[in-house]
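> Provided herewith is a single structure, encoded as structure tokens, for subsequent inquiry.
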Amino acid sequence: MAYLILGVVAGLAAIERKGFLQAMLSRPIVLGPVVGWALGDPAGGLLLSVPLELLWLGAVNLGAAVPVHEALGTAGVVGGAVLSAKRMGAPLTPEIATLAILVAVPVAYLGRLGEKGVEVFNERIASRAELELSDHHLRAATRCNLYGLGASFLLSAVLAPAAAALTARVVPAVLRALPALASPLRVGFFSLAAVACAAGAKALRARAVPVSFFGAAAATAVVGLASVLAGRAL
Amino acid sequence: MRASPAPAEFSPVPARTLAHVFLRSLFLQATWNRRGMQNLGFAYAIAPALRTIYPDPARREEALHRHMGFFNCHPYMAAAILGGAIHHEERVAAGLEPERAPQDYKLTLQGPLAAIGDGFFWTALRPFFGALGAVGALVLGLGAIWAVVIVYNAIHLSLRIALFRAGYTRGDELVPLLARLTLPVVADRLRTAGAGLAGVAAGIFVLRGALSLGPWAGGLAALLAVLGYAALSRGARLVTTVYLAAAAGTGTAVLLAHLPGGR
């Protein structure tokens, strides 16, 4: 049942991402908690949504370029992490999150390939619409536009649960076989998250980006440290 | 091609139909394809207006044919062209303009508006709100994300509606109106601010790493952020950088644990 729910959420997110609306609902920062909520762990989704959003901040549809499928990647990573945690009977911890990212991130790149296939399939729909128009079926011709949503939905509805299923098998197996790896993987999570922030800043092309990124990071660290020393929680 | 009828008064498309067209424009990219790109989406969106403008099925079919040709623009900015295309179709129907006027309008504006939309919405406004949501989530939790989404869509949808209305009411006069907007300047500021927010998020991760695992873990995360930025600036692939970062963080922790008196 969880995989079915994940498939539907991932499919709807894929539609929102390109075919309908584009209101940020399929961005990792929103989709992460939504997938977590759909699978019973919104806090787990929130833990992953921040690094994933920053990691894929530059994933945008510019002209005919096909970017990495960040919505599919998010659904696969968060779905896999939440289901791994459930299988282990534990909350979604940073070590589970790190492993889930490493196992499931490639699905976002697979999604990019799949999307190119969807675009080819859509050409057939466009040809069919032209045929309908030449047969004077005006309503049928324009209605063809909605058929393209199906392929986008299907691509993510299949690949996201597949990636999550793989992750939910690999992550618990690794952490059970190598329990000593849990603590280092926690370090890996913070390292990965910090690099994701750098990737987000790098994706924003402006002259003052390096100064803004490193300046803000240093200022936050100093202010945060001062708060901690002053006894305030971060 | 049919001869244009004699110039006549035209009745404008009713507001209800315009609203229907706008809602359909949200599906502009539903069947995005490499040959016609958003052609089918554009024809789907404008169809209700064409039904009102051309009661004669033969003329309506000709008009729909016009809009099945290649079209590609930024999905938000395309609302302006859609409104403008209806503006011109009304005049074509009344014999005030030649039949090619809507196509000329689309061809002239799609490139520049796509560039404006990509540069402002996709590479500045949305990433800025994404980074804002990320920092909000780290500091305030889930509620901050919903607040960010609501504000983003209040801006996005009001701009999309305003562009559609401006295109419909102003037609060709839309161009000087858009030229007056200083979107590239605003976009540059948003990108710089977005990078600052990404820096704030990095600072929080570094501090949380240091507090939960020890100062060395925070220092390692900070070092890897610097190295990651440098590597990406030199053209390193994102996915490779991610795996290397995780491997470096995890591997260093394993090594430190095996040192005498290790952590």
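Simple scheme: letters A, B, ... for chains in structure tokens order, numbers from 1 for residues in each chain, numbers from 1 for ligands in the order shown.
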Do you know which residues are at most 7 Å from range 44-49 of chain A counting only C-alpha atoms, after dropping those on the same chain fewer than 3 positions away, and could you put them as a ChimeraX atom specification?

/A:28-29,32-33,35-36,41,52-53,78,82,92,97

> Write out the residues from the selection above, keeping C-alpha atoms, as a PDB file, in the first residue's frame.


ATOM      1  CA  PRO A  28      12.064  19.006  -2.933  1.00  0.00           C
ATOM      2  CA  ILE A  29      11.409  21.492  -0.117  1.00  0.00           C
ATOM      3  CA  GLY A  32       9.866  15.949   0.847  1.00  0.00           C
ATOM      4  CA  PRO A  33       7.481  16.630   3.758  1.00  0.00           C
ATOM      5  CA  VAL A  35       5.985  12.265   0.749  1.00  0.00           C
ATOM      6  CA  GLY A  36       6.965  11.870   4.415  1.00  0.00           C
ATOM      7  CA  ASP A  41       6.671  10.489   8.742  1.00  0.00           C
ATOM      8  CA  LEU A  52      17.687  18.013  -1.516  1.00  0.00           C
ATOM      9  CA  GLU A  53      16.198  21.444  -2.293  1.00  0.00           C
ATOM     10  CA  VAL A  78      12.433  10.350   0.891  1.00  0.00           C
ATOM     11  CA  VAL A  82      11.037   6.626   5.409  1.00  0.00           C
ATOM     12  CA  LEU A  92      14.513   8.531  10.282  1.00  0.00           C
ATOM     13  CA  ALA A  97      19.178   9.799   5.296  1.00  0.00           C
TER      14      ALA A  97
END

> Would you kindly return, as an MDAnalysis selection string, each protein, DNA or RNA residue with an atom no farther than 7 Å from any atom of range 127-142 of chain A, considering only C-alpha atoms and excluding same-chain residues fewer than 4 positions away?

(chainID A and resid 123) or (chainID B and resid 40 43:44 61)

> Can I get the selection written as a compact mmCIF listing (two decimals), in the first residue's frame, with N, CA and C atoms?


# COMPACT_ATOMS: atom_id res chain seq x y z
N GLU A 123 5.42 13.64 -29.12
CA GLU A 123 5.37 13.99 -30.55
C GLU A 123 4.29 13.19 -31.26
N LEU B 40 0.68 22.31 -28.86
CA LEU B 40 -0.61 21.69 -28.52
C LEU B 40 -1.22 22.36 -27.29
N ALA B 43 -2.77 25.68 -28.36
CA ALA B 43 -4.04 25.47 -29.08
C ALA B 43 -5.14 25.07 -28.10
N TYR B 44 -4.79 24.22 -27.13
CA TYR B 44 -5.76 23.78 -26.11
C TYR B 44 -6.25 24.97 -25.30
N GLU B 61 -11.66 26.57 -37.53
CA GLU B 61 -10.66 25.53 -37.81
C GLU B 61 -9.37 26.16 -38.36

> Pick the closest to chain A from B:His20, B:His87, B:Arg189, B:Arg66: which is it, counting only C-alpha atoms?

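Comparing B:His20, B:His87, B:Arg189, B:Arg66 against chain A, the winner is B:Arg189.
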
> As a PyMOL selection string, could you give me every residue of chain B near chain A (at most 6 Å apart, counting only C-alpha atoms)?

chain B and resi 26-27+29-31+33+40-41+44+127+134+191-192+195-196+198-200+202-203+209+221+225+228-229+245-246+249-250+253-254

> Please produce a file of the residues just selected, as a tab-separated table (two decimals), in the first residue's frame, where the atoms kept are C-alpha atoms.


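What ended up in out_12.tsv:
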chain	number	residue	atom	x	y	z
B	26	LEU	CA	-1.95	26.24	-16.74
B	27	PHE	CA	-1.73	23.06	-18.89
B	29	GLN	CA	3.28	22.19	-21.22
B	30	ALA	CA	1.15	19.07	-20.75
B	31	THR	CA	2.28	17.61	-24.08
B	33	ASN	CA	7.34	17.82	-27.47
B	40	LEU	CA	-0.61	21.69	-28.52
B	41	GLY	CA	-0.83	23.38	-25.12
B	44	TYR	CA	-5.76	23.78	-26.11
B	127	PRO	CA	15.47	29.44	-6.34
B	134	ALA	CA	15.13	25.67	3.27
B	191	ARG	CA	20.20	35.43	-6.88
B	192	THR	CA	22.67	37.14	-4.56
B	195	ALA	CA	23.14	32.53	-2.29
B	196	GLY	CA	23.19	34.30	1.08
B	198	ALA	CA	22.19	28.99	1.06
B	199	GLY	CA	25.14	30.29	3.12
B	200	VAL	CA	22.90	30.64	6.19
B	202	ALA	CA	25.39	25.90	5.38
B	203	GLY	CA	26.27	27.75	8.59
B	209	GLY	CA	27.21	19.04	13.06
B	221	ALA	CA	31.51	20.03	6.93
B	225	ALA	CA	31.50	23.06	1.58
B	228	GLY	CA	32.65	21.44	-3.01
B	229	TYR	CA	32.04	25.01	-4.15
B	245	ALA	CA	31.34	14.66	-0.01
B	246	ALA	CA	29.50	11.80	1.66
B	249	GLY	CA	32.72	12.91	5.65
B	250	THR	CA	32.02	9.25	6.43
B	253	ALA	CA	34.94	9.78	10.73
B	254	VAL	CA	35.90	6.11	10.26

> Kindly indicate which residue among A:Gly7, A:Gly231, A:Gly40, A:Gly114 lies nearest to Pro91 in chain A, using only C-alpha atoms for the distances.

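The answer is A:Gly40, which sits nearest to Pro91 in chain A.
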
> Find the residues around Glu89 in chain B up to 12 Å (only C-alpha atoms counted), leave out those fewer than 6 positions away in its own chain, and share them as a ChimeraX atom specification.

/B:10-13,46-47,49-54,59-60,62-64,66-67,81-83,95-106,168,171

> Write the residues of the preceding selection, restricted to N, CA and C atoms, as a JSON list (two decimals), in the first residue's frame.


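Generated output (again_29.json):
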[["chain", "number", "residue", "atom", "x", "y", "z"],
["B", 10, "PHE", "N", -16.37, 44.38, -33.60],
["B", 10, "PHE", "CA", -16.28, 43.03, -33.05],
["B", 10, "PHE", "C", -16.72, 43.04, -31.60],
["B", 11, "SER", "N", -17.29, 41.89, -31.21],
["B", 11, "SER", "CA", -17.69, 41.78, -29.81],
["B", 11, "SER", "C", -16.57, 41.10, -29.05],
["B", 12, "PRO", "N", -16.10, 41.69, -27.95],
["B", 12, "PRO", "CA", -14.98, 41.09, -27.22],
["B", 12, "PRO", "C", -15.35, 39.75, -26.59],
["B", 13, "VAL", "N", -14.33, 38.96, -26.35],
["B", 13, "VAL", "CA", -14.52, 37.66, -25.70],
["B", 13, "VAL", "C", -15.01, 37.90, -24.28],
["B", 46, "ILE", "N", -6.23, 28.28, -26.08],
["B", 46, "ILE", "CA", -6.93, 29.35, -26.79],
["B", 46, "ILE", "C", -8.27, 28.88, -27.40],
["B", 47, "ALA", "N", -8.48, 27.57, -27.46],
["B", 47, "ALA", "CA", -9.67, 27.02, -28.13],
["B", 47, "ALA", "C", -11.00, 27.63, -27.66],
["B", 49, "ALA", "N", -11.66, 30.57, -26.56],
["B", 49, "ALA", "CA", -11.79, 31.94, -27.10],
["B", 49, "ALA", "C", -12.10, 31.88, -28.59],
["B", 50, "LEU", "N", -11.48, 30.95, -29.31],
["B", 50, "LEU", "CA", -11.73, 30.84, -30.75],
["B", 50, "LEU", "C", -13.18, 30.44, -31.02],
["B", 51, "ARG", "N", -13.76, 29.63, -30.13],
["B", 51, "ARG", "CA", -15.17, 29.23, -30.29],
["B", 51, "ARG", "C", -16.08, 30.45, -30.21],
["B", 52, "THR", "N", -15.70, 31.41, -29.38],
["B", 52, "THR", "CA", -16.50, 32.63, -29.23],
["B", 52, "THR", "C", -16.25, 33.59, -30.40],
["B", 53, "ILE", "N", -14.99, 33.71, -30.79],
["B", 53, "ILE", "CA", -14.63, 34.69, -31.82],
["B", 53, "ILE", "C", -15.13, 34.26, -33.20],
["B", 54, "TYR", "N", -15.05, 32.96, -33.49],
["B", 54, "TYR", "CA", -15.43, 32.45, -34.82],
["B", 54, "TYR", "C", -16.62, 31.50, -34.71],
["B", 59, "ARG", "N", -13.90, 28.88, -40.30],
["B", 59, "ARG", "CA", -12.95, 29.93, -39.88],
["B", 59, "ARG", "C", -12.30, 29.57, -38.55],
["B", 60, "ARG", "N", -13.07, 28.92, -37.67],
["B", 60, "ARG", "CA", -12.52, 28.51, -36.38],
["B", 60, "ARG", "C", -11.41, 27.48, -36.59],
["B", 62, "GLU", "N", -9.55, 27.14, -39.25],
["B", 62, "GLU", "CA", -8.37, 27.84, -39.78],
["B", 62, "GLU", "C", -7.58, 28.50, -38.66],
["B", 63, "ALA", "N", -8.31, 29.12, -37.74],
["B", 63, "ALA", "CA", -7.65, 29.81, -36.63],
["B", 63, "ALA", "C", -6.91, 28.82, -35.74],
["B", 64, "LEU", "N", -7.57, 27.68, -35.49],
["B", 64, "LEU", "CA", -6.93, 26.68, -34.63],
["B", 64, "LEU", "C", -5.66, 26.14, -35.30],
["B", 66, "ARG", "N", -3.68, 27.81, -37.12],
["B", 66, "ARG", "CA", -2.64, 28.82, -36.90],
["B", 66, "ARG", "C", -1.91, 28.58, -35.58],
["B", 67, "HIS", "N", -2.67, 28.12, -34.58],
["B", 67, "HIS", "CA", -2.09, 27.98, -33.25],
["B", 67, "HIS", "C", -1.52, 26.59, -32.98],
["B", 81, "ILE", "N", 1.36, 36.30, -24.04],
["B", 81, "ILE", "CA", 1.23, 36.04, -25.48],
["B", 81, "ILE", "C", -0.15, 35.46, -25.78],
["B", 82, "LEU", "N", -0.63, 34.64, -24.87],
["B", 82, "LEU", "CA", -1.97, 34.05, -25.05],
["B", 82, "LEU", "C", -3.03, 35.16, -25.06],
["B", 83, "GLY", "N", -2.93, 36.07, -24.10],
["B", 83, "GLY", "CA", -3.87, 37.20, -24.07],
["B", 83, "GLY", "C", -3.75, 38.04, -25.33],
["B", 95, "GLY", "N", -11.93, 41.64, -39.43],
["B", 95, "GLY", "CA", -11.36, 42.14, -40.68],
["B", 95, "GLY", "C", -10.47, 43.35, -40.51],
["B", 96, "LEU", "N", -10.05, 43.61, -39.30],
["B", 96, "LEU", "CA", -9.20, 44.78, -39.05],
["B", 96, "LEU", "C", -7.72, 44.48, -39.21],
["B", 97, "GLU", "N", -7.39, 43.21, -39.20],
["B", 97, "GLU", "CA", -5.98, 42.79, -39.31],
["B", 97, "GLU", "C", -5.89, 41.58, -40.23],
["B", 98, "PRO", "N", -4.73, 41.37, -40.86],
["B", 98, "PRO", "CA", -4.58, 40.16, -41.68],
["B", 98, "PRO", "C", -4.52, 38.90, -40.82],
["B", 99, "GLU", "N", -4.74, 37.76, -41.42],
["B", 99, "GLU", "CA", -4.79, 36.50, -40.66],
["B", 99, "GLU", "C", -3.46, 36.13, -40.01],
["B", 100, "ARG", "N", -2.37, 36.66, -40.56],
["B", 100, "ARG", "CA", -1.07, 36.28, -40.00],
["B", 100, "ARG", "C", -0.71, 37.09, -38.74],
["B", 101, "ALA", "N", -1.53, 38.08, -38.39],
["B", 101, "ALA", "CA", -1.20, 38.96, -37.26],
["B", 101, "ALA", "C", -0.99, 38.20, -35.94],
["B", 102, "PRO", "N", -1.88, 37.27, -35.57],
["B", 102, "PRO", "CA", -1.63, 36.55, -34.30],
["B", 102, "PRO", "C", -0.33, 35.76, -34.32],
["B", 103, "GLN", "N", -0.02, 35.14, -35.48],
["B", 103, "GLN", "CA", 1.23, 34.37, -35.58],
["B", 103, "GLN", "C", 2.45, 35.28, -35.46],
["B", 104, "ASP", "N", 2.37, 36.41, -36.16],
["B", 104, "ASP", "CA", 3.49, 37.37, -36.10],
["B", 104, "ASP", "C", 3.74, 37.81, -34.66],
["B", 105, "TYR", "N", 2.63, 38.06, -33.98],
["B", 105, "TYR", "CA", 2.72, 38.48, -32.57],
["B", 105, "TYR", "C", 3.41, 37.42, -31.73],
["B", 106, "LYS", "N", 2.99, 36.17, -31.93],
["B", 106, "LYS", "CA", 3.58, 35.06, -31.15],
["B", 106, "LYS", "C", 5.06, 34.90, -31.48],
["B", 168, "TYR", "N", -4.03, 40.81, -23.34],
["B", 168, "TYR", "CA", -5.34, 40.89, -23.98],
["B", 168, "TYR", "C", -5.77, 42.35, -24.20],
["B", 171, "GLY", "N", -2.37, 44.26, -26.31],
["B", 171, "GLY", "CA", -1.86, 43.75, -27.58],
["B", 171, "GLY", "C", -0.41, 44.11, -27.78]]

> Find, counting only C-alpha atoms, the residue in B:Ala187, B:Leu207, B:Ala45, B:Met77 that gets nearest to Ala226 in chain A.

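Smallest distance to Ala226 in chain A is found for B:Leu207.
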
> Name the residues in contact with Ala162 in chain B at a cut-off of 12 Å, using only C-alpha atoms, excluding same-chain residues fewer than 3 positions from it; report them as a PDB file with N, CA and C atoms, in the first residue's frame.


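So the final result, stored in out27.pdb, reads:
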ATOM      1  N   PHE B  22      -7.558  31.192 -19.373  1.00  0.00           N
ATOM      2  CA  PHE B  22      -6.441  31.312 -18.429  1.00  0.00           C
ATOM      3  C   PHE B  22      -6.235  30.004 -17.663  1.00  0.00           C
ATOM      4  N   TYR B  76       4.995  30.907 -17.502  1.00  0.00           N
ATOM      5  CA  TYR B  76       4.311  32.043 -16.865  1.00  0.00           C
ATOM      6  C   TYR B  76       4.157  33.190 -17.880  1.00  0.00           C
ATOM      7  N   MET B  77       5.246  33.496 -18.595  1.00  0.00           N
ATOM      8  CA  MET B  77       5.231  34.633 -19.523  1.00  0.00           C
ATOM      9  C   MET B  77       4.326  34.370 -20.724  1.00  0.00           C
ATOM     10  N   ALA B  78       4.117  33.086 -21.033  1.00  0.00           N
ATOM     11  CA  ALA B  78       3.270  32.732 -22.175  1.00  0.00           C
ATOM     12  C   ALA B  78       1.849  33.265 -21.999  1.00  0.00           C
ATOM     13  N   ALA B  79       1.459  33.518 -20.738  1.00  0.00           N
ATOM     14  CA  ALA B  79       0.113  34.057 -20.481  1.00  0.00           C
ATOM     15  C   ALA B  79      -0.075  35.384 -21.215  1.00  0.00           C
ATOM     16  N   ALA B  80       0.980  36.194 -21.284  1.00  0.00           N
ATOM     17  CA  ALA B  80       0.897  37.485 -21.973  1.00  0.00           C
ATOM     18  C   ALA B  80       0.668  37.278 -23.469  1.00  0.00           C
ATOM     19  N   ILE B  81       1.361  36.301 -24.036  1.00  0.00           N
ATOM     20  CA  ILE B  81       1.229  36.042 -25.476  1.00  0.00           C
ATOM     21  C   ILE B  81      -0.153  35.463 -25.777  1.00  0.00           C
ATOM     22  N   GLY B  83      -2.929  36.071 -24.104  1.00  0.00           N
ATOM     23  CA  GLY B  83      -3.865  37.196 -24.073  1.00  0.00           C
ATOM     24  C   GLY B  83      -3.750  38.036 -25.327  1.00  0.00           C
ATOM     25  N   ALA B 154       1.350  33.612  -4.478  1.00  0.00           N
ATOM     26  CA  ALA B 154       0.636  34.896  -4.549  1.00  0.00           C
ATOM     27  C   ALA B 154       1.321  35.778  -5.597  1.00  0.00           C
ATOM     28  N   ILE B 155       2.652  35.770  -5.605  1.00  0.00           N
ATOM     29  CA  ILE B 155       3.407  36.561  -6.592  1.00  0.00           C
ATOM     30  C   ILE B 155       3.238  35.952  -7.979  1.00  0.00           C
ATOM     31  N   HIS B 156       3.475  34.645  -8.059  1.00  0.00           N
ATOM     32  CA  HIS B 156       3.453  33.957  -9.350  1.00  0.00           C
ATOM     33  C   HIS B 156       2.092  34.061 -10.034  1.00  0.00           C
ATOM     34  N   LEU B 157       1.033  33.762  -9.287  1.00  0.00           N
ATOM     35  CA  LEU B 157      -0.285  33.756  -9.933  1.00  0.00           C
ATOM     36  C   LEU B 157      -0.768  35.165 -10.260  1.00  0.00           C
ATOM     37  N   SER B 158      -0.472  36.137  -9.366  1.00  0.00           N
ATOM     38  CA  SER B 158      -0.924  37.498  -9.680  1.00  0.00           C
ATOM     39  C   SER B 158      -0.177  38.046 -10.902  1.00  0.00           C
ATOM     40  N   LEU B 159       1.117  37.705 -11.024  1.00  0.00           N
ATOM     41  CA  LEU B 159       1.869  38.142 -12.214  1.00  0.00           C
ATOM     42  C   LEU B 159       1.336  37.458 -13.475  1.00  0.00           C
ATOM     43  N   ARG B 165      -3.937  39.555 -18.711  1.00  0.00           N
ATOM     44  CA  ARG B 165      -4.814  40.717 -18.900  1.00  0.00           C
ATOM     45  C   ARG B 165      -4.124  41.794 -19.718  1.00  0.00           C
ATOM     46  N   ALA B 166      -2.838  42.032 -19.416  1.00  0.00           N
ATOM     47  CA  ALA B 166      -2.105  43.074 -20.151  1.00  0.00           C
ATOM     48  C   ALA B 166      -1.994  42.697 -21.627  1.00  0.00           C
ATOM     49  N   GLY B 167      -1.709  41.434 -21.906  1.00  0.00           N
ATOM     50  CA  GLY B 167      -1.620  40.974 -23.292  1.00  0.00           C
ATOM     51  C   GLY B 167      -2.928  41.159 -24.014  1.00  0.00           C
ATOM     52  N   TYR B 168      -4.027  40.808 -23.345  1.00  0.00           N
ATOM     53  CA  TYR B 168      -5.344  40.892 -23.983  1.00  0.00           C
ATOM     54  C   TYR B 168      -5.770  42.348 -24.203  1.00  0.00           C
ATOM     55  N   THR B 169      -5.580  43.184 -23.217  1.00  0.00           N
ATOM     56  CA  THR B 169      -6.069  44.562 -23.342  1.00  0.00           C
ATOM     57  C   THR B 169      -5.132  45.448 -24.164  1.00  0.00           C
ATOM     58  N   ARG B 170      -3.826  45.168 -24.111  1.00  0.00           N
ATOM     59  CA  ARG B 170      -2.867  46.076 -24.761  1.00  0.00           C
ATOM     60  C   ARG B 170      -2.339  45.576 -26.091  1.00  0.00           C
ATOM     61  N   LEU B 174       2.068  45.868 -25.258  1.00  0.00           N
ATOM     62  CA  LEU B 174       2.647  45.117 -24.148  1.00  0.00           C
ATOM     63  C   LEU B 174       4.169  45.281 -24.114  1.00  0.00           C
ATOM     64  N   LEU B 177       5.595  48.184 -22.232  1.00  0.00           N
ATOM     65  CA  LEU B 177       5.267  47.983 -20.813  1.00  0.00           C
ATOM     66  C   LEU B 177       6.293  47.045 -20.174  1.00  0.00           C
ATOM     67  N   LEU B 178       6.611  45.939 -20.881  1.00  0.00           N
ATOM     68  CA  LEU B 178       7.576  44.974 -20.356  1.00  0.00           C
ATOM     69  C   LEU B 178       8.985  45.558 -20.321  1.00  0.00           C
TER      70      LEU B 178
END

> When DSSP works through the backbone of this structure, what residues of range 62-171 of chain B end up as helix (DSSP H, G or I), shown as a ChimeraX atom specification?

/B:62-66,78-93,101-139,142-171

> Please measure the separation of CA of Leu159 in chain A and CA of Gly80 in chain A, giving the value in Å to one decimal.

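Atom-to-atom, CA of Leu159 in chain A to CA of Gly80 in chain A, that is 11.8 Å.
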